[in-house]
Each structure stands twice: as structure tokens, then as C-alpha cells.
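Scroll down for the structure; my scribbles are underneath it.
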Amino acid sequence: MDYNQNTNPTEQQQFLLPTMTMDTDFTAEELAEDMDGMQMNFPRVKIPSGGSLQFEIPTGDPDNPDYAKTLTGVILFNHPNNAYWPEGSEYDDNAAPLCSSTDGRLGVGTPGGSCASCTMNLFGSAAEGKGKACKNMRVLYFLRSGEFIPLQINLPPTSLKPFRQFISQTFSFRRRATYGSLVEIGLKKMNNGKDDYSVATFRLLSDLSGDELAQVRDYANSFKEQIRNMLQQHTETSETPSADNAYGYAATDAAYTDAAPAAEAPGQPYYGQPIYGDYEALPA
């Protein structure tokens, strides 16, 4: 299956990077002070269950989320995430995992330790079937046009294969970073012979180039540095994450000042201009 097919190579795409000074007179320091002592969460989007073909997107009103059939934007960063829940709690949003890993290598909690040698991370360890007791997942930080905070899209095990194929065909084979292209994420209904479930689909829309690509690169690299620091901090503290913050992100001043540099700040590009992508033919 081709996961990177561009069905309209003549359509020009537009993407707008955010800026901290957009429609606000508040400084990064003031915003960081409001979050002092609290953990920073990204709006989390899950692959829906039951074969649903719509994403549920959090808003400021928890009782009225947005819904969309597709998501369009840039993958700023992605990393593996392993989590082990007690039997029967795998799909309980209020249950914290007994053990989790934000790098796919070192587990924090019980049993903890090396993921490669963990018996819960072996095929056949699941209570039923041939799967793993530990869920191998992938976390995507997906920035949509004009938005300041990226969506945190959590890919379950069933969506990992299409994601790996998409990344290989669209980015790795072309020696291109994921932040260098606009992509569309959709949903496809599948059936395992017993139940319907949803799988993420991925499509290349356009490639960014020139000055526009350089601006996105600077933004993405700054964001990735902050995420890596937060993940490292989580690993070093060896604390099991809470149910409402499954990835242990702590709110820091840097999370505001570096994730989105202020417009015209010294040594930083201005992120308030629209970005137009051109197209590059994929290898046959």
C-alpha cells in the first residue's frame, strides 16, 4: 500500500507558523509564571475506537470538542512510547500505567528497566493472543497551520506499520526530515475478524523549500530540544507519570520561551509569515 501518494501535485499548500506575540501583550515570563508548579500538557488526540472515521480534538471547552476527518500540518517530532497497564485497564483513560518508557529503551515503574529484555515486551506475553503485554506506541507532535501548541497524537500498535512505511517512503528514502513537508493524517476502518477498529493513514501534501523550510527547521529544532530535555528529566527523576499526564512533561520557562521564539527576537527568525510549499517528485 502506498502511504505517501500525492493525489494533487499542482495544488499549492499554505502553512503559517505561530508567534508568541500574536494578538497578545503578555510576555513569555508572565505566561510561564502562571504555569509555575504545574505540568504542561499538549492537546491529546487518540486514534478512535470502533472503526470511527473522525478525530476528536480537545478545545477550551471539554464538553464541546472539535471533530475532523483529517488533520493537516507538520510533524515536528515523534518518539516511541511503551506502556504497561494491568490486565483490563489498557483502555481506561483514568488508569496510569504501571510502567512506561518515553524512549522505547528504558522503562520507569514496575517492572521497569531495559525494554529490550523485559518479558512484558515480548510477543506472546499478552493475556490473550500472540501480542505483547506492553503496548508499543508512537507519539507525534503535529503542528497545524497558525496554531501555537502542537497536537499530541498517540498512535496505537495497530497504526505503527502504516506510519513506519510512510516515514520510510516519504522521508527516509528521500533523505528529508519530517518537519520539511505538509502531511495529512486520516483514518481507515479495519476489522480483525471480531471487532472494527481504526487505523491512521498518512499522505504527503507538499514539500517546504527555501527560506520557508529554513524557518520551519529552526522552529522544529527548538521544539525538539525542549521535548528531549523534558523526556530526559522524566527519565532521570524515575517517577511514574500520573493518569492525566502520561508523559511526565513539566512546565518550565523554557517550554514557553524556546518552543516558539518571539517575533524578531535576536538570532531568531520571525514566524508570522505564511509558508507555501512546492512539490518534489517521489522516487518510483
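Convention: chains lettered A, B, ... in C-alpha cells order; per-chain residue numbering from 1; ligands numbered from 1 as shown.
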
Closest atom pairs, residues of region 75-154 of chain A within 12 Å of region 64-71 of chain A, only C-alpha atoms, as a tab-separated table:
residue	atom	partner	partner_atom	distance
A:Ile75	CA	A:Leu71	CA	11.0
A:Phe142	CA	A:Leu71	CA	8.8
A:Leu143	CA	A:Leu71	CA	9.6
A:Arg144	CA	A:Leu71	CA	7.7
A:Ser145	CA	A:Leu71	CA	10.3
A:Pro150	CA	A:Leu71	CA	11.6
A:Leu151	CA	A:Leu71	CA	9.8
A:Gln152	CA	A:Leu71	CA	11.9
A:Ile153	CA	A:Leu71	CA	10.3

Those same residues, written as an mmCIF file, in the first residue's frame with all heavy atoms?
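Written file, again_39.cif:
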data_model
loop_
_atom_site.group_PDB
_atom_site.id
_atom_site.type_symbol
_atom_site.label_atom_id
_atom_site.label_comp_id
_atom_site.auth_asym_id
_atom_site.auth_seq_id
_atom_site.Cartn_x
_atom_site.Cartn_y
_atom_site.Cartn_z
ATOM 1 N N ILE A 75 4.785 17.335 11.033
ATOM 2 C CA ILE A 75 5.235 16.503 12.145
ATOM 3 C C ILE A 75 6.535 17.103 12.676
ATOM 4 O O ILE A 75 7.605 16.933 12.084
ATOM 5 C CB ILE A 75 5.456 15.043 11.710
ATOM 6 C CG1 ILE A 75 4.170 14.451 11.130
ATOM 7 C CG2 ILE A 75 5.939 14.195 12.890
ATOM 8 C CD1 ILE A 75 4.344 13.050 10.554
ATOM 9 N N PHE A 142 2.210 17.270 16.297
ATOM 10 C CA PHE A 142 1.699 17.647 14.985
ATOM 11 C C PHE A 142 1.203 19.085 15.031
ATOM 12 O O PHE A 142 0.223 19.403 15.707
ATOM 13 C CB PHE A 142 0.564 16.695 14.608
ATOM 14 C CG PHE A 142 0.149 16.744 13.173
ATOM 15 C CD1 PHE A 142 0.944 16.170 12.187
ATOM 16 C CD2 PHE A 142 -1.051 17.328 12.798
ATOM 17 C CE1 PHE A 142 0.554 16.197 10.859
ATOM 18 C CE2 PHE A 142 -1.445 17.351 11.470
ATOM 19 C CZ PHE A 142 -0.644 16.787 10.502
ATOM 20 N N LEU A 143 1.907 19.979 14.325
ATOM 21 C CA LEU A 143 1.569 21.401 14.340
ATOM 22 C C LEU A 143 0.708 21.756 13.140
ATOM 23 O O LEU A 143 1.120 21.590 11.993
ATOM 24 C CB LEU A 143 2.842 22.249 14.329
ATOM 25 C CG LEU A 143 2.627 23.754 14.498
ATOM 26 C CD1 LEU A 143 2.076 24.071 15.891
ATOM 27 C CD2 LEU A 143 3.925 24.518 14.253
ATOM 28 N N ARG A 144 -0.483 22.258 13.420
ATOM 29 C CA ARG A 144 -1.374 22.714 12.352
ATOM 30 C C ARG A 144 -1.140 24.188 12.065
ATOM 31 O O ARG A 144 -0.644 24.942 12.908
ATOM 32 C CB ARG A 144 -2.831 22.456 12.740
ATOM 33 C CG ARG A 144 -3.136 20.971 12.919
ATOM 34 C CD ARG A 144 -4.627 20.706 13.030
ATOM 35 N NE ARG A 144 -5.201 21.274 14.247
ATOM 36 C CZ ARG A 144 -6.503 21.234 14.529
ATOM 37 N NH1 ARG A 144 -7.344 20.657 13.669
ATOM 38 N NH2 ARG A 144 -6.957 21.752 15.654
ATOM 39 N N SER A 145 -1.524 24.612 10.893
ATOM 40 C CA SER A 145 -1.268 25.975 10.440
ATOM 41 C C SER A 145 -1.849 27.004 11.405
ATOM 42 O O SER A 145 -3.021 26.937 11.780
ATOM 43 C CB SER A 145 -1.873 26.174 9.046
ATOM 44 O OG SER A 145 -1.651 27.496 8.590
ATOM 45 N N PRO A 150 1.312 22.336 19.437
ATOM 46 C CA PRO A 150 1.050 21.184 18.568
ATOM 47 C C PRO A 150 0.119 20.180 19.231
ATOM 48 O O PRO A 150 0.039 20.109 20.465
ATOM 49 C CB PRO A 150 2.447 20.574 18.349
ATOM 50 C CG PRO A 150 3.220 20.985 19.565
ATOM 51 C CD PRO A 150 2.703 22.338 19.947
ATOM 52 N N LEU A 151 -0.576 19.429 18.423
ATOM 53 C CA LEU A 151 -1.368 18.310 18.919
ATOM 54 C C LEU A 151 -0.426 17.165 19.253
ATOM 55 O O LEU A 151 0.577 16.949 18.569
ATOM 56 C CB LEU A 151 -2.374 17.846 17.863
ATOM 57 C CG LEU A 151 -3.427 18.844 17.393
ATOM 58 C CD1 LEU A 151 -4.262 18.232 16.276
ATOM 59 C CD2 LEU A 151 -4.315 19.297 18.543
ATOM 60 N N GLN A 152 -0.742 16.434 20.297
ATOM 61 C CA GLN A 152 -0.002 15.222 20.635
ATOM 62 C C GLN A 152 -0.852 14.039 20.180
ATOM 63 O O GLN A 152 -1.867 13.719 20.785
ATOM 64 C CB GLN A 152 0.252 15.156 22.134
ATOM 65 C CG GLN A 152 0.990 13.905 22.580
ATOM 66 C CD GLN A 152 1.157 13.857 24.083
ATOM 67 O OE1 GLN A 152 1.689 14.795 24.677
ATOM 68 N NE2 GLN A 152 0.709 12.797 24.712
ATOM 69 N N ILE A 153 -0.448 13.421 19.085
ATOM 70 C CA ILE A 153 -1.206 12.316 18.513
ATOM 71 C C ILE A 153 -0.576 11.005 18.963
ATOM 72 O O ILE A 153 0.608 10.761 18.713
ATOM 73 C CB ILE A 153 -1.241 12.399 16.975
ATOM 74 C CG1 ILE A 153 -1.823 13.743 16.538
ATOM 75 C CG2 ILE A 153 -2.042 11.248 16.389
ATOM 76 C CD1 ILE A 153 -1.821 13.960 15.041
#

Which residues are close to Gly131 (chain A), i.e. within 12 Å by only C-alpha atoms, leaving aside same-chain residues fewer than 4 positions away? Reply as a list of chain:residue names.
A:Thr119, A:Met120, A:Asn121, A:Leu122, A:Phe123, A:Gly124, A:Ser125, A:Ala126, A:Ala127, A:Lys135, A:Asn136, A:Pro157, A:Thr158

Given the selection you just returned, output its residues as a file containing all heavy atoms, formatted as a PDB file, in the first residue's frame.
ATOM      1  N   THR A 119      10.217  -9.078  29.892  1.00  0.00           N
ATOM      2  CA  THR A 119       9.329 -10.169  29.471  1.00  0.00           C
ATOM      3  C   THR A 119       7.964  -9.643  29.035  1.00  0.00           C
ATOM      4  O   THR A 119       7.282 -10.281  28.237  1.00  0.00           O
ATOM      5  CB  THR A 119       9.141 -11.188  30.609  1.00  0.00           C
ATOM      6  OG1 THR A 119       8.632 -10.502  31.772  1.00  0.00           O
ATOM      7  CG2 THR A 119      10.456 -11.849  30.964  1.00  0.00           C
ATOM      8  N   MET A 120       7.557  -8.470  29.543  1.00  0.00           N
ATOM      9  CA  MET A 120       6.277  -7.883  29.155  1.00  0.00           C
ATOM     10  C   MET A 120       6.329  -7.297  27.746  1.00  0.00           C
ATOM     11  O   MET A 120       5.292  -6.969  27.178  1.00  0.00           O
ATOM     12  CB  MET A 120       5.880  -6.779  30.150  1.00  0.00           C
ATOM     13  CG  MET A 120       5.677  -7.276  31.565  1.00  0.00           C
ATOM     14  SD  MET A 120       4.346  -8.498  31.662  1.00  0.00           S
ATOM     15  CE  MET A 120       4.367  -8.856  33.417  1.00  0.00           C
ATOM     16  N   ASN A 121       7.538  -7.163  27.205  1.00  0.00           N
ATOM     17  CA  ASN A 121       7.710  -6.591  25.875  1.00  0.00           C
ATOM     18  C   ASN A 121       7.997  -7.659  24.829  1.00  0.00           C
ATOM     19  O   ASN A 121       8.536  -7.370  23.763  1.00  0.00           O
ATOM     20  CB  ASN A 121       8.840  -5.552  25.897  1.00  0.00           C
ATOM     21  CG  ASN A 121       8.805  -4.618  24.696  1.00  0.00           C
ATOM     22  OD1 ASN A 121       7.747  -4.275  24.187  1.00  0.00           O
ATOM     23  ND2 ASN A 121       9.982  -4.215  24.240  1.00  0.00           N
ATOM     24  N   LEU A 122       7.648  -8.892  25.135  1.00  0.00           N
ATOM     25  CA  LEU A 122       7.843  -9.996  24.201  1.00  0.00           C
ATOM     26  C   LEU A 122       6.506 -10.430  23.605  1.00  0.00           C
ATOM     27  O   LEU A 122       5.481 -10.410  24.295  1.00  0.00           O
ATOM     28  CB  LEU A 122       8.481 -11.197  24.917  1.00  0.00           C
ATOM     29  CG  LEU A 122       9.873 -10.998  25.523  1.00  0.00           C
ATOM     30  CD1 LEU A 122      10.298 -12.260  26.263  1.00  0.00           C
ATOM     31  CD2 LEU A 122      10.881 -10.638  24.439  1.00  0.00           C
ATOM     32  N   PHE A 123       6.520 -10.807  22.341  1.00  0.00           N
ATOM     33  CA  PHE A 123       5.308 -11.333  21.729  1.00  0.00           C
ATOM     34  C   PHE A 123       4.906 -12.615  22.442  1.00  0.00           C
ATOM     35  O   PHE A 123       5.736 -13.471  22.748  1.00  0.00           O
ATOM     36  CB  PHE A 123       5.533 -11.602  20.244  1.00  0.00           C
ATOM     37  CG  PHE A 123       5.583 -10.362  19.406  1.00  0.00           C
ATOM     38  CD1 PHE A 123       6.789  -9.862  18.946  1.00  0.00           C
ATOM     39  CD2 PHE A 123       4.422  -9.681  19.085  1.00  0.00           C
ATOM     40  CE1 PHE A 123       6.843  -8.710  18.173  1.00  0.00           C
ATOM     41  CE2 PHE A 123       4.454  -8.524  18.318  1.00  0.00           C
ATOM     42  CZ  PHE A 123       5.669  -8.040  17.858  1.00  0.00           C
ATOM     43  N   GLY A 124       3.616 -12.727  22.726  1.00  0.00           N
ATOM     44  CA  GLY A 124       3.111 -13.872  23.466  1.00  0.00           C
ATOM     45  C   GLY A 124       2.908 -13.590  24.935  1.00  0.00           C
ATOM     46  O   GLY A 124       2.358 -14.417  25.662  1.00  0.00           O
ATOM     47  N   SER A 125       3.352 -12.389  25.398  1.00  0.00           N
ATOM     48  CA  SER A 125       3.201 -12.055  26.813  1.00  0.00           C
ATOM     49  C   SER A 125       1.811 -11.529  27.155  1.00  0.00           C
ATOM     50  O   SER A 125       1.444 -11.451  28.337  1.00  0.00           O
ATOM     51  CB  SER A 125       4.259 -11.017  27.230  1.00  0.00           C
ATOM     52  OG  SER A 125       4.138  -9.833  26.463  1.00  0.00           O
ATOM     53  N   ALA A 126       1.010 -11.175  26.152  1.00  0.00           N
ATOM     54  CA  ALA A 126      -0.342 -10.705  26.407  1.00  0.00           C
ATOM     55  C   ALA A 126      -1.198 -11.825  26.981  1.00  0.00           C
ATOM     56  O   ALA A 126      -0.969 -13.013  26.708  1.00  0.00           O
ATOM     57  CB  ALA A 126      -0.967 -10.168  25.121  1.00  0.00           C
ATOM     58  N   ALA A 127      -2.187 -11.446  27.778  1.00  0.00           N
ATOM     59  CA  ALA A 127      -3.046 -12.443  28.411  1.00  0.00           C
ATOM     60  C   ALA A 127      -3.807 -13.254  27.374  1.00  0.00           C
ATOM     61  O   ALA A 127      -4.079 -14.438  27.562  1.00  0.00           O
ATOM     62  CB  ALA A 127      -4.018 -11.758  29.365  1.00  0.00           C
ATOM     63  N   LYS A 135       2.266  -2.213  25.604  1.00  0.00           N
ATOM     64  CA  LYS A 135       1.852  -1.607  24.345  1.00  0.00           C
ATOM     65  C   LYS A 135       2.983  -0.747  23.780  1.00  0.00           C
ATOM     66  O   LYS A 135       3.447   0.187  24.428  1.00  0.00           O
ATOM     67  CB  LYS A 135       0.602  -0.749  24.544  1.00  0.00           C
ATOM     68  CG  LYS A 135      -0.660  -1.541  24.841  1.00  0.00           C
ATOM     69  CD  LYS A 135      -1.850  -0.624  25.043  1.00  0.00           C
ATOM     70  CE  LYS A 135      -2.192   0.142  23.776  1.00  0.00           C
ATOM     71  NZ  LYS A 135      -3.402   0.990  23.960  1.00  0.00           N
ATOM     72  N   ASN A 136       3.422  -1.061  22.569  1.00  0.00           N
ATOM     73  CA  ASN A 136       4.398  -0.234  21.860  1.00  0.00           C
ATOM     74  C   ASN A 136       3.645   0.792  21.028  1.00  0.00           C
ATOM     75  O   ASN A 136       2.889   0.430  20.128  1.00  0.00           O
ATOM     76  CB  ASN A 136       5.283  -1.089  20.963  1.00  0.00           C
ATOM     77  CG  ASN A 136       6.119  -2.091  21.733  1.00  0.00           C
ATOM     78  OD1 ASN A 136       6.572  -3.081  21.187  1.00  0.00           O
ATOM     79  ND2 ASN A 136       6.321  -1.881  23.026  1.00  0.00           N
ATOM     80  N   PRO A 157      -0.496   0.421  18.661  1.00  0.00           N
ATOM     81  CA  PRO A 157       0.279  -0.577  17.907  1.00  0.00           C
ATOM     82  C   PRO A 157      -0.252  -0.842  16.502  1.00  0.00           C
ATOM     83  O   PRO A 157       0.524  -1.062  15.576  1.00  0.00           O
ATOM     84  CB  PRO A 157       0.177  -1.829  18.794  1.00  0.00           C
ATOM     85  CG  PRO A 157       0.011  -1.289  20.174  1.00  0.00           C
ATOM     86  CD  PRO A 157      -0.826  -0.053  20.028  1.00  0.00           C
ATOM     87  N   THR A 158      -1.579  -0.804  16.324  1.00  0.00           N
ATOM     88  CA  THR A 158      -2.159  -1.115  15.015  1.00  0.00           C
ATOM     89  C   THR A 158      -1.864  -0.052  13.957  1.00  0.00           C
ATOM     90  O   THR A 158      -2.024  -0.308  12.764  1.00  0.00           O
ATOM     91  CB  THR A 158      -3.684  -1.288  15.132  1.00  0.00           C
ATOM     92  OG1 THR A 158      -4.233  -0.165  15.845  1.00  0.00           O
ATOM     93  CG2 THR A 158      -4.024  -2.573  15.879  1.00  0.00           C
TER      94      THR A 158
END

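The residue that comes closest to Ile47 (chain A), out of A:Val108, A:Ala200, A:Leu16, A:Leu160 and on the basis of only C-alpha atoms, is A:Ala200.
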
If you count only C-alpha atoms, which residues fall within 12 Å of Ser89 (chain A), apart from same-chain ones fewer than 3 positions away, as number ranges by chain?
A: 83-86, 92-98, 133-135, 243

Go through A:Leu155, A:Ser168, A:Gly51, A:Glu128 and flag the residue nearest Asn81 (chain A), using only C-alpha atoms for the distances.
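Using only C-alpha atoms, the shortest distance to Asn81 (chain A) belongs to A:Leu155.
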
Residue neighbourhood Cys115 (chain A), 8 Å, only C-alpha atoms, exclusion window fewer than 4 positions, as a list in words:
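Skipping anything fewer than 4 positions along the chain leaves Ser101, Gly104, Arg105, Leu106, Gly107 and Asn121 of chain A.
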
Could those selected residues go to a file with N, CA, C and O atoms, as a PDB file, in the first residue's frame?
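Contents of the output file out_22.pdb:
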ATOM      1  N   SER A 101       7.754   4.010  29.142  1.00  0.00           N
ATOM      2  CA  SER A 101       9.043   4.409  28.596  1.00  0.00           C
ATOM      3  C   SER A 101       8.822   5.441  27.513  1.00  0.00           C
ATOM      4  O   SER A 101       8.042   5.214  26.579  1.00  0.00           O
ATOM      5  N   GLY A 104      11.401   4.123  24.462  1.00  0.00           N
ATOM      6  CA  GLY A 104      11.353   2.756  23.955  1.00  0.00           C
ATOM      7  C   GLY A 104      12.518   1.900  24.391  1.00  0.00           C
ATOM      8  O   GLY A 104      12.665   0.769  23.934  1.00  0.00           O
ATOM      9  N   ARG A 105      13.343   2.423  25.308  1.00  0.00           N
ATOM     10  CA  ARG A 105      14.538   1.705  25.751  1.00  0.00           C
ATOM     11  C   ARG A 105      14.526   1.433  27.259  1.00  0.00           C
ATOM     12  O   ARG A 105      14.838   0.336  27.687  1.00  0.00           O
ATOM     13  N   LEU A 106      14.179   2.460  28.051  1.00  0.00           N
ATOM     14  CA  LEU A 106      14.228   2.333  29.497  1.00  0.00           C
ATOM     15  C   LEU A 106      12.845   2.529  30.082  1.00  0.00           C
ATOM     16  O   LEU A 106      12.218   3.579  29.898  1.00  0.00           O
ATOM     17  N   GLY A 107      12.351   1.520  30.797  1.00  0.00           N
ATOM     18  CA  GLY A 107      11.056   1.600  31.435  1.00  0.00           C
ATOM     19  C   GLY A 107      11.157   2.179  32.827  1.00  0.00           C
ATOM     20  O   GLY A 107      12.117   1.914  33.556  1.00  0.00           O
ATOM     21  N   ASN A 121       7.538  -7.163  27.205  1.00  0.00           N
ATOM     22  CA  ASN A 121       7.710  -6.591  25.875  1.00  0.00           C
ATOM     23  C   ASN A 121       7.997  -7.659  24.829  1.00  0.00           C
ATOM     24  O   ASN A 121       8.536  -7.370  23.763  1.00  0.00           O
TER      25      ASN A 121
END

List every residue of region 41-145 of chain A that has an atom at most 10 Å from any atom of region 228-232 of chain A, giving for each one its closest atom pair and the distance in Å to one decimal, counting only C-alpha atoms, sorted by chain and then by ascending residue number, as JSON lines.
{"residue": "A:Phe77", "atom": "CA", "partner": "A:Arg228", "partner_atom": "CA", "distance": 9.9}
{"residue": "A:His79", "atom": "CA", "partner": "A:Arg228", "partner_atom": "CA", "distance": 9.6}
{"residue": "A:Ser101", "atom": "CA", "partner": "A:Leu231", "partner_atom": "CA", "distance": 9.5}
{"residue": "A:Thr102", "atom": "CA", "partner": "A:Leu231", "partner_atom": "CA", "distance": 6.6}
{"residue": "A:Asp103", "atom": "CA", "partner": "A:Leu231", "partner_atom": "CA", "distance": 8.1}
